[in-house]
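Shown next: coords-v3.cif, containing mmCIF, C-alpha atoms and all ligand atoms.
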```
data_structure
loop_
_atom_site.label_atom_id
_atom_site.label_comp_id
_atom_site.auth_asym_id
_atom_site.auth_seq_id
_atom_site.Cartn_x
_atom_site.Cartn_y
_atom_site.Cartn_z
CA MET A 217 -2.64 22.74 -9.61
CA GLY A 218 -5.08 20.42 -7.90
CA SER A 219 -5.80 20.26 -4.23
CA PHE A 220 -4.57 17.80 -1.64
CA THR A 221 -6.70 19.17 1.22
CA ILE A 222 -8.07 16.52 3.58
CA ALA A 223 -11.71 16.77 4.77
CA SER A 224 -12.13 13.21 6.03
CA LYS A 225 -10.37 9.88 6.02
CA LYS A 226 -11.05 6.19 5.62
CA VAL A 227 -9.15 3.71 7.77
CA LEU A 228 -7.59 0.81 5.88
CA THR A 229 -5.07 -1.93 6.57
CA LEU A 230 -2.21 -3.46 4.64
CA VAL A 231 -0.46 -6.66 5.81
CA LEU A 232 2.99 -7.80 4.74
CA VAL A 233 3.90 -11.44 5.32
CA ILE A 234 7.66 -11.85 5.21
CA ASP A 235 9.86 -14.96 5.20
CA LYS A 236 13.13 -13.67 6.66
CA THR A 237 15.06 -16.89 6.13
CA GLU A 238 14.16 -17.25 2.48
CA GLN A 239 14.16 -13.45 1.92
CA LYS A 240 10.67 -13.62 0.41
CA ILE A 241 7.48 -11.60 0.71
CA LEU A 242 3.93 -12.81 0.15
CA LEU A 243 1.95 -10.48 -2.11
CA GLY A 244 -1.54 -10.83 -3.53
CA TYR A 245 -2.65 -10.08 -7.08
CA LYS A 246 -5.80 -8.01 -6.63
CA LYS A 247 -8.42 -9.33 -9.01
CA ARG A 248 -11.07 -6.67 -8.37
CA GLY A 249 -11.86 -3.53 -6.38
CA PHE A 250 -9.53 -0.69 -5.51
CA GLY A 251 -6.05 -1.41 -6.87
CA ALA A 252 -7.26 -4.17 -9.20
CA HIS A 253 -4.55 -5.79 -11.35
CA LEU A 254 -1.79 -4.73 -8.99
CA TRP A 255 0.29 -6.84 -6.60
CA ASN A 256 -0.14 -5.62 -3.05
CA GLY A 257 -0.17 -6.58 0.60
CA PHE A 258 -3.43 -7.95 2.04
CA GLY A 259 -5.95 -5.63 3.63
CA GLY A 260 -8.99 -3.45 3.24
CA LYS A 261 -11.44 -1.34 5.14
CA VAL A 262 -11.65 -1.54 8.92
CA GLU A 263 -15.21 -2.37 9.94
CA PRO A 264 -17.20 -0.49 12.60
CA GLY A 265 -16.31 -1.73 16.09
CA GLU A 266 -13.09 -3.31 14.90
CA THR A 267 -9.56 -2.18 15.78
CA THR A 268 -7.11 -1.74 12.92
CA ARG A 269 -5.25 -4.78 14.22
CA GLU A 270 -8.41 -6.91 14.20
CA GLY A 271 -9.32 -5.64 10.76
CA ALA A 272 -5.86 -6.45 9.42
CA LEU A 273 -5.97 -10.00 10.83
CA ARG A 274 -9.47 -10.55 9.43
CA GLU A 275 -8.50 -9.35 5.95
CA LEU A 276 -5.37 -11.53 5.99
CA GLU A 277 -7.46 -14.59 6.77
CA GLU A 278 -10.14 -13.67 4.20
CA GLU A 279 -7.70 -12.87 1.41
CA ALA A 280 -4.82 -15.32 2.00
CA GLY A 281 -6.37 -17.97 4.25
CA ILE A 282 -3.79 -17.63 7.02
CA THR A 283 -3.80 -16.56 10.66
CA VAL A 284 -1.12 -14.91 12.78
CA LYS A 285 -0.64 -15.04 16.56
CA SER A 286 -0.99 -11.66 18.22
CA GLU A 287 2.62 -11.70 19.47
CA ASP A 288 3.90 -12.24 15.92
CA PHE A 289 1.84 -9.41 14.44
CA ASN A 290 3.51 -5.99 14.52
CA LYS A 291 2.53 -2.61 13.26
CA ALA A 292 5.17 -1.14 10.93
CA GLY A 293 3.55 2.26 10.53
CA ILE A 294 0.90 4.34 8.82
CA LEU A 295 0.72 5.52 5.22
CA LEU A 296 -1.61 8.40 4.42
CA PHE A 297 -2.61 8.12 0.78
CA GLN A 298 -3.97 11.32 -0.74
CA PHE A 299 -5.45 11.62 -4.20
CA GLU A 300 -5.54 14.91 -6.07
CA ASN A 301 -8.88 16.76 -5.73
CA ASP A 302 -10.22 13.98 -3.49
CA PRO A 303 -10.81 15.24 0.07
CA VAL A 304 -10.97 11.68 1.45
CA ALA A 305 -7.54 10.48 2.57
CA LEU A 306 -6.80 6.79 3.12
CA GLU A 307 -5.17 6.25 6.52
CA THR A 308 -3.57 2.88 5.92
CA HIS A 309 -2.23 0.94 8.89
CA VAL A 310 0.63 -1.29 7.80
CA TYR A 311 1.34 -4.52 9.71
CA LYS A 312 4.11 -7.05 9.24
CA THR A 313 4.62 -10.61 10.35
CA TYR A 314 7.35 -13.22 10.00
CA LYS A 315 5.18 -16.16 11.12
CA TYR A 316 1.78 -17.47 10.18
CA GLN A 317 -0.44 -20.52 10.59
CA GLY A 318 -2.54 -22.29 7.99
CA GLN A 319 -2.43 -22.94 4.31
CA ILE A 320 -2.09 -20.03 1.90
CA ARG A 321 -4.96 -20.07 -0.57
CA GLU A 322 -6.42 -17.96 -3.35
CA CYS A 323 -9.79 -16.27 -2.97
CA GLU A 324 -12.05 -14.47 -5.44
CA GLU A 325 -10.37 -11.13 -4.65
CA MET A 326 -6.68 -12.00 -4.28
CA ARG A 327 -4.17 -14.47 -5.73
CA PRO A 328 -1.25 -14.86 -3.28
CA GLN A 329 2.29 -15.52 -4.47
CA TRP A 330 5.76 -15.43 -2.87
CA PHE A 331 8.41 -13.10 -4.33
CA THR A 332 12.08 -12.98 -3.42
CA PHE A 333 13.19 -9.54 -2.24
CA THR A 334 15.20 -9.15 -5.45
CA ASP A 335 12.21 -10.01 -7.63
CA ILE A 336 9.42 -7.82 -6.24
CA PRO A 337 7.19 -6.73 -9.19
CA TYR A 338 7.33 -2.99 -8.47
CA ASP A 339 6.27 -2.17 -12.03
CA GLN A 340 2.94 -3.93 -11.34
CA MET A 341 2.38 -2.38 -7.91
CA TRP A 342 1.21 0.98 -6.60
CA GLU A 343 4.02 3.39 -7.50
CA ASP A 344 4.62 4.37 -3.89
CA ASP A 345 5.49 0.79 -2.91
CA ARG A 346 9.02 1.02 -4.32
CA ILE A 347 9.61 3.91 -1.91
CA TRP A 348 8.41 2.49 1.37
CA LEU A 349 8.38 -1.31 0.98
CA PRO A 350 12.21 -1.60 0.99
CA MET A 351 12.16 0.34 4.27
CA VAL A 352 9.93 -2.32 5.84
CA LEU A 353 12.13 -5.11 4.47
CA ASN A 354 15.23 -3.35 5.87
CA GLY A 355 13.62 -2.95 9.29
CA GLN A 356 13.42 0.87 9.03
CA ASP A 357 10.19 1.05 10.95
CA PRO A 358 8.12 2.36 12.64
CA PHE A 359 7.40 4.92 9.92
CA TYR A 360 4.85 7.47 8.87
CA GLY A 361 4.47 8.28 5.20
CA ARG A 362 2.39 10.79 3.29
CA VAL A 363 1.87 9.78 -0.31
CA TYR A 364 0.36 12.10 -2.92
CA LEU A 365 -1.09 10.51 -6.05
CA LYS A 366 -2.47 12.19 -9.16
CA ARG A 367 -4.84 10.75 -11.69
CA LYS A 368 -3.32 10.50 -15.13
CA PRO A 369 -5.23 12.60 -17.74
CA VAL A 370 -7.69 10.36 -19.59
CA GLU A 371 -6.45 11.60 -22.99
CA ASP A 372 -3.02 10.19 -22.17
CA ILE A 373 -4.38 6.68 -21.68
CA LYS A 374 -4.35 4.49 -24.76
CA GLU A 375 -7.03 1.84 -25.20
CA ASP A 376 -4.52 -0.90 -25.89
CA GLU A 377 -2.10 -0.08 -23.08
CA ALA A 378 -0.83 -3.02 -21.12
CA PRO A 379 -1.55 -2.94 -17.37
CA VAL A 380 1.74 -1.17 -16.73
CA VAL A 381 3.88 0.31 -19.50
CA ASN A 382 6.44 3.04 -20.17
CA THR A 383 7.88 3.38 -16.74
CA SER A 384 10.27 6.31 -16.73
CA THR A 385 11.76 8.35 -13.95
CA SER A 386 11.81 12.13 -13.78
CA THR A 387 12.39 14.75 -11.15
CA HIS A 388 9.65 17.27 -10.47
CA ALA A 389 10.88 20.84 -10.91
CA ASN A 390 9.78 21.98 -7.47
CA HIS A 391 10.48 18.82 -5.56
CA SER A 392 13.60 16.92 -4.74
CA THR A 393 11.74 13.61 -4.94
CA THR A 394 11.77 11.35 -7.94
CA MET A 395 8.52 10.43 -9.65
CA THR A 396 7.76 7.54 -11.88
CA GLU A 397 5.37 7.97 -14.79
CA THR A 398 3.44 4.80 -15.34
CA SER A 399 0.52 4.11 -17.64
CA PHE A 400 -2.31 1.76 -16.76
CA THR A 401 -4.91 0.19 -18.94
CA THR A 402 -8.35 1.78 -19.13
CA SER A 403 -9.75 -1.46 -17.75
CA GLN A 404 -8.53 -0.23 -14.35
CA PRO A 405 -11.02 2.56 -13.70
CA LYS A 406 -10.56 2.50 -9.93
CA SER A 407 -6.98 1.47 -9.33
CA GLY A 408 -5.56 3.76 -11.86
CA PRO A 409 -4.26 5.38 -13.67
CA PHE A 410 -2.55 7.09 -10.78
CA VAL A 411 0.93 8.49 -10.78
CA LEU A 412 3.03 9.19 -7.74
CA TRP A 413 3.39 12.95 -7.45
CA ASP A 414 5.22 13.39 -4.17
CA TYR A 415 5.83 11.77 -0.81
CA GLN A 416 7.31 12.37 2.62
CA ILE A 417 8.40 9.50 4.83
CA GLU A 418 9.51 9.83 8.42
CA HIS A 419 11.10 6.84 10.08
CA SER A 420 12.90 6.03 13.31
CA LEU A 421 9.95 7.63 15.07
CA GLN A 422 9.61 7.86 18.86
CA GLY A 423 6.89 5.21 18.68
CA VAL A 424 4.38 3.48 16.45
CA PRO A 425 1.86 5.97 15.03
CA ARG A 426 -1.74 5.21 16.04
CA GLU A 427 -3.69 7.92 14.30
CA VAL A 428 -3.24 10.78 11.87
CA ALA A 429 -4.91 14.19 12.22
CA LEU A 430 -6.69 15.87 9.29
CA ASP A 431 -3.76 18.30 8.96
CA GLY A 432 -1.62 15.29 8.12
CA THR A 433 0.39 15.23 11.34
CA ILE A 434 0.61 12.21 13.66
CA ALA A 435 -2.20 12.64 16.19
CA SER A 436 -1.08 9.95 18.64
CA PHE A 437 1.25 7.02 19.14
CA GLU A 438 0.41 3.47 20.27
CA SER A 439 0.78 3.10 24.02
N1 LIG B 501 -1.25 3.94 -2.87
C1 LIG B 501 -1.40 2.73 -2.32
N2 LIG B 501 -0.34 1.89 -2.16
C2 LIG B 501 -0.44 0.66 -1.60
O1 LIG B 501 0.57 -0.04 -1.49
N3 LIG B 501 -1.62 0.18 -1.15
C3 LIG B 501 -2.68 0.97 -1.28
C4 LIG B 501 -2.64 2.26 -1.86
N4 LIG B 501 -3.90 2.79 -1.82
C5 LIG B 501 -4.69 1.84 -1.24
N5 LIG B 501 -3.94 0.74 -0.92
C6 LIG B 501 -4.40 -0.49 -0.29
C7 LIG B 501 -4.94 -0.30 1.08
C8 LIG B 501 -5.92 -1.48 1.17
O2 LIG B 501 -5.22 -2.64 1.60
C9 LIG B 501 -6.39 -1.67 -0.26
C10 LIG B 501 -7.73 -1.08 -0.57
O3 LIG B 501 -8.63 -1.73 0.18
P1 LIG B 501 -10.20 -1.66 -0.01
O4 LIG B 501 -10.76 -2.37 1.11
O5 LIG B 501 -10.65 -0.26 -0.22
O6 LIG B 501 -10.38 -2.48 -1.33
P2 LIG B 501 -11.72 -2.96 -1.92
O7 LIG B 501 -12.26 -1.84 -2.76
O8 LIG B 501 -11.39 -4.22 -2.61
O9 LIG B 501 -12.72 -3.20 -0.69
P3 LIG B 501 -12.96 -4.42 0.35
O10 LIG B 501 -14.32 -4.88 0.00
O11 LIG B 501 -12.87 -3.79 1.72
O12 LIG B 501 -11.89 -5.47 0.17
O13 LIG B 501 -5.43 -1.03 -1.08
#
```

Go through the file and emit its structure as C-alpha cells.
Ligand SMILES: Nc1[nH]c(=O)nc2c1ncn2[C@H]1C[C@H](O)[C@@H](COP(=O)(O)OP(=O)(O)OP(=O)(O)O)O1
Amino acid sequence: MGSFTIASKKVLTLVLVIDKTEQKILLGYKKRGFGAHLWNGFGGKVEPGETTREGALRELEEEAGITVKSEDFNKAGILLFQFENDPVALETHVYKTYKYQGQIRECEEMRPQWFTFTDIPYDQMWEDDRIWLPMVLNGQDPFYGRVYLKRKPVEDIKEDEAPVVNTSTSTHANHSTTMTETSFTTSQPKSGPFVLWDYQIEHSLQGVPREVALDGTIASFES
C-alpha cells in the first residue's frame, strides 16, 4: 500500500463560471500541462505575493479572457488533492461566480465551452469532479474535500487507449466510497493515468476554509 503522507503543499486555484438561468457551466479543455486533455475549471498556481483570490481572477482572465467583479466572486471551498507516494499535496482553492465581464475566448492552454448541468462530460474530467462538482452546483458549499488519487500501473495502459475508456464503478473492500476505474492514453504523462482511490468531503462548514494544515485538517477559516 502506497503512502499518502503530506510533507509540503502547492497552492492552486480552480474557478467555476456558472450560468444559473441557463443551468450551464463554463469548462475549459486543457490543451497542455497538468490535467491535459481533460475538461476542468480555470486555474493554476498562485504566484508569490498573490492571494488565492487574486491568483484565481488572474488565471480566469488568462485562460478564458473574462473578468469578475470582486463582489460576484465567491470562494466555494478547498480541495486537497493527494497523489499516492507523492508528498506534495495540492491545496486547491475553488471559487465560483454567476457573473462575468468580457468576451470568452480560447487561449493556447484552454478551450472554453459551456455545458448544461445535465451534459457535463464527467468521463473526460478528473474522476473526483463527479463527486464534488454537483455539490457546488447544488449550493452545498462551503466545503472541504480530501481527494486521494493513485497512478494506474503502466502495464495496464494500452498504447491505443482513447483519452478515457472503460469507465466502471466498484466499491473498495475497506471503504464505503465508490471508485471509478478509468483508463487514460499514454499521451497524458502528467494528467494521468490517475484513478480516484478515496475521498472525504465535509460541507455545511462553520465558515469558508482559508488554509489546510499538513495533517490534512482545516487550519483556519476566512474572516
Ligand atoms: N484532481 C483534480 N481535480 C480537479 O478537478 N482539478 C484538479 C485536480 N488536480 C489538479 N487540478 C487543477 C487545479 C489547477 O486548476 C490545475 C493545475 O494547475 P497548474 O497550474 O499546475 O497547471 P499547469 O501545469 O498547466 O501550470 P500553469 O503554468 O500554472 O498553468 O488543475

Could you list, as a PDB file with C-alpha atoms, keeping the file's coordinate frame, every residue within 7 Å of segment 219-235 of chain A, counting all atoms listed in the file and ignoring same-chain residues fewer than 6 positions away?
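See around15.pdb below for the written result:
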```
ATOM      1  CA  ILE A 241       7.480 -11.600   0.710  1.00  0.00           C
ATOM      2  CA  LEU A 242       3.930 -12.810   0.150  1.00  0.00           C
ATOM      3  CA  GLY A 257      -0.170  -6.580   0.600  1.00  0.00           C
ATOM      4  CA  PHE A 258      -3.430  -7.950   2.040  1.00  0.00           C
ATOM      5  CA  GLY A 259      -5.950  -5.630   3.630  1.00  0.00           C
ATOM      6  CA  GLY A 260      -8.990  -3.450   3.240  1.00  0.00           C
ATOM      7  CA  LYS A 261     -11.440  -1.340   5.140  1.00  0.00           C
ATOM      8  CA  VAL A 262     -11.650  -1.540   8.920  1.00  0.00           C
ATOM      9  CA  THR A 268      -7.110  -1.740  12.920  1.00  0.00           C
ATOM     10  CA  ALA A 272      -5.860  -6.450   9.420  1.00  0.00           C
ATOM     11  CA  LEU A 276      -5.370 -11.530   5.990  1.00  0.00           C
ATOM     12  CA  GLN A 298      -3.970  11.320  -0.740  1.00  0.00           C
ATOM     13  CA  PHE A 299      -5.450  11.620  -4.200  1.00  0.00           C
ATOM     14  CA  GLU A 300      -5.540  14.910  -6.070  1.00  0.00           C
ATOM     15  CA  ASN A 301      -8.880  16.760  -5.730  1.00  0.00           C
ATOM     16  CA  PRO A 303     -10.810  15.240   0.070  1.00  0.00           C
ATOM     17  CA  VAL A 304     -10.970  11.680   1.450  1.00  0.00           C
ATOM     18  CA  ALA A 305      -7.540  10.480   2.570  1.00  0.00           C
ATOM     19  CA  LEU A 306      -6.800   6.790   3.120  1.00  0.00           C
ATOM     20  CA  GLU A 307      -5.170   6.250   6.520  1.00  0.00           C
ATOM     21  CA  THR A 308      -3.570   2.880   5.920  1.00  0.00           C
ATOM     22  CA  HIS A 309      -2.230   0.940   8.890  1.00  0.00           C
ATOM     23  CA  VAL A 310       0.630  -1.290   7.800  1.00  0.00           C
ATOM     24  CA  TYR A 311       1.340  -4.520   9.710  1.00  0.00           C
ATOM     25  CA  LYS A 312       4.110  -7.050   9.240  1.00  0.00           C
ATOM     26  CA  THR A 313       4.620 -10.610  10.350  1.00  0.00           C
ATOM     27  CA  TYR A 314       7.350 -13.220  10.000  1.00  0.00           C
ATOM     28  CA  LEU A 430      -6.690  15.870   9.290  1.00  0.00           C
TER      29      LEU A 430
END
```

Exercise: residues within 6 Å of coordinate (8.5, 4.2, 7.5), counting all atoms listed in the file, as a list of chain:residue names: A:Asp357, A:Pro358, A:Phe359, A:Tyr360, A:Ile417, A:Glu418, A:His419

Nearby residues (all atoms listed in the file) at most 9 Å from Arg248 of chain A, same-chain spacing under 4 positions excluded, as a PyMOL selection string: chain A and resi 252-253+324-326

Taking all listed atoms of ligand LIG 501 (chain B), build the axis-aligned box, pad each of the six sides by 8 Å, then write its centre and edge lengths in Å to one decimal as lines of an AutoDock Vina configuration file.
```
center_x = -6.9
center_y = -0.8
center_z = -0.6
size_x = 30.9
size_y = 25.4
size_z = 20.6
```

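The coordinates place atom CA of Asp302 of chain A at 10.8 Å from atom CA of Tyr364 of chain A.
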
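Of the listed residues A:Glu427, A:Glu278, A:Glu238, A:Asp335, the one whose atoms come nearest to ligand LIG 501 (chain B) is A:Glu278, with distances taken using all atoms listed in the file.
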
Closest of A:Glu279, A:Asp288, A:Asp345, A:Asp431 to ligand LIG 501 (chain B) - atom-to-atom distances counting all atoms listed in the file: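 Using all atoms listed in the file, the shortest distance to ligand LIG 501 (chain B) belongs to A:Asp345.
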
Option closest in space to Val428 of chain A, from A:Arg327, A:Pro337, A:Ile294, A:Lys366 [counting all atoms listed in the file]: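 Closest residue, counting all atoms listed in the file: A:Ile294.
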
Atomic distance atom CA of Glu438 of chain A - atom O10 of ligand LIG 501 (chain B), expressed in Å with one decimal: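 Taking atom CA of Glu438 of chain A and atom O10 of ligand LIG 501 (chain B), their separation equals 26.4 Å.
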
Å distance separating atom CA of Tyr245 of chain A from atom N2 of ligand LIG 501 (chain B), one decimal place: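 If I compute the distance from atom CA of Tyr245 of chain A to atom N2 of ligand LIG 501 (chain B), I get 13.1 Å.
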
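The shortest atom-to-atom distance to ligand LIG 501 (chain B), with only C-alpha atoms and all ligand atoms taken into account, belongs to A:Asn256 out of A:Gln239, A:Gln317, A:Asn290, A:Asn256.
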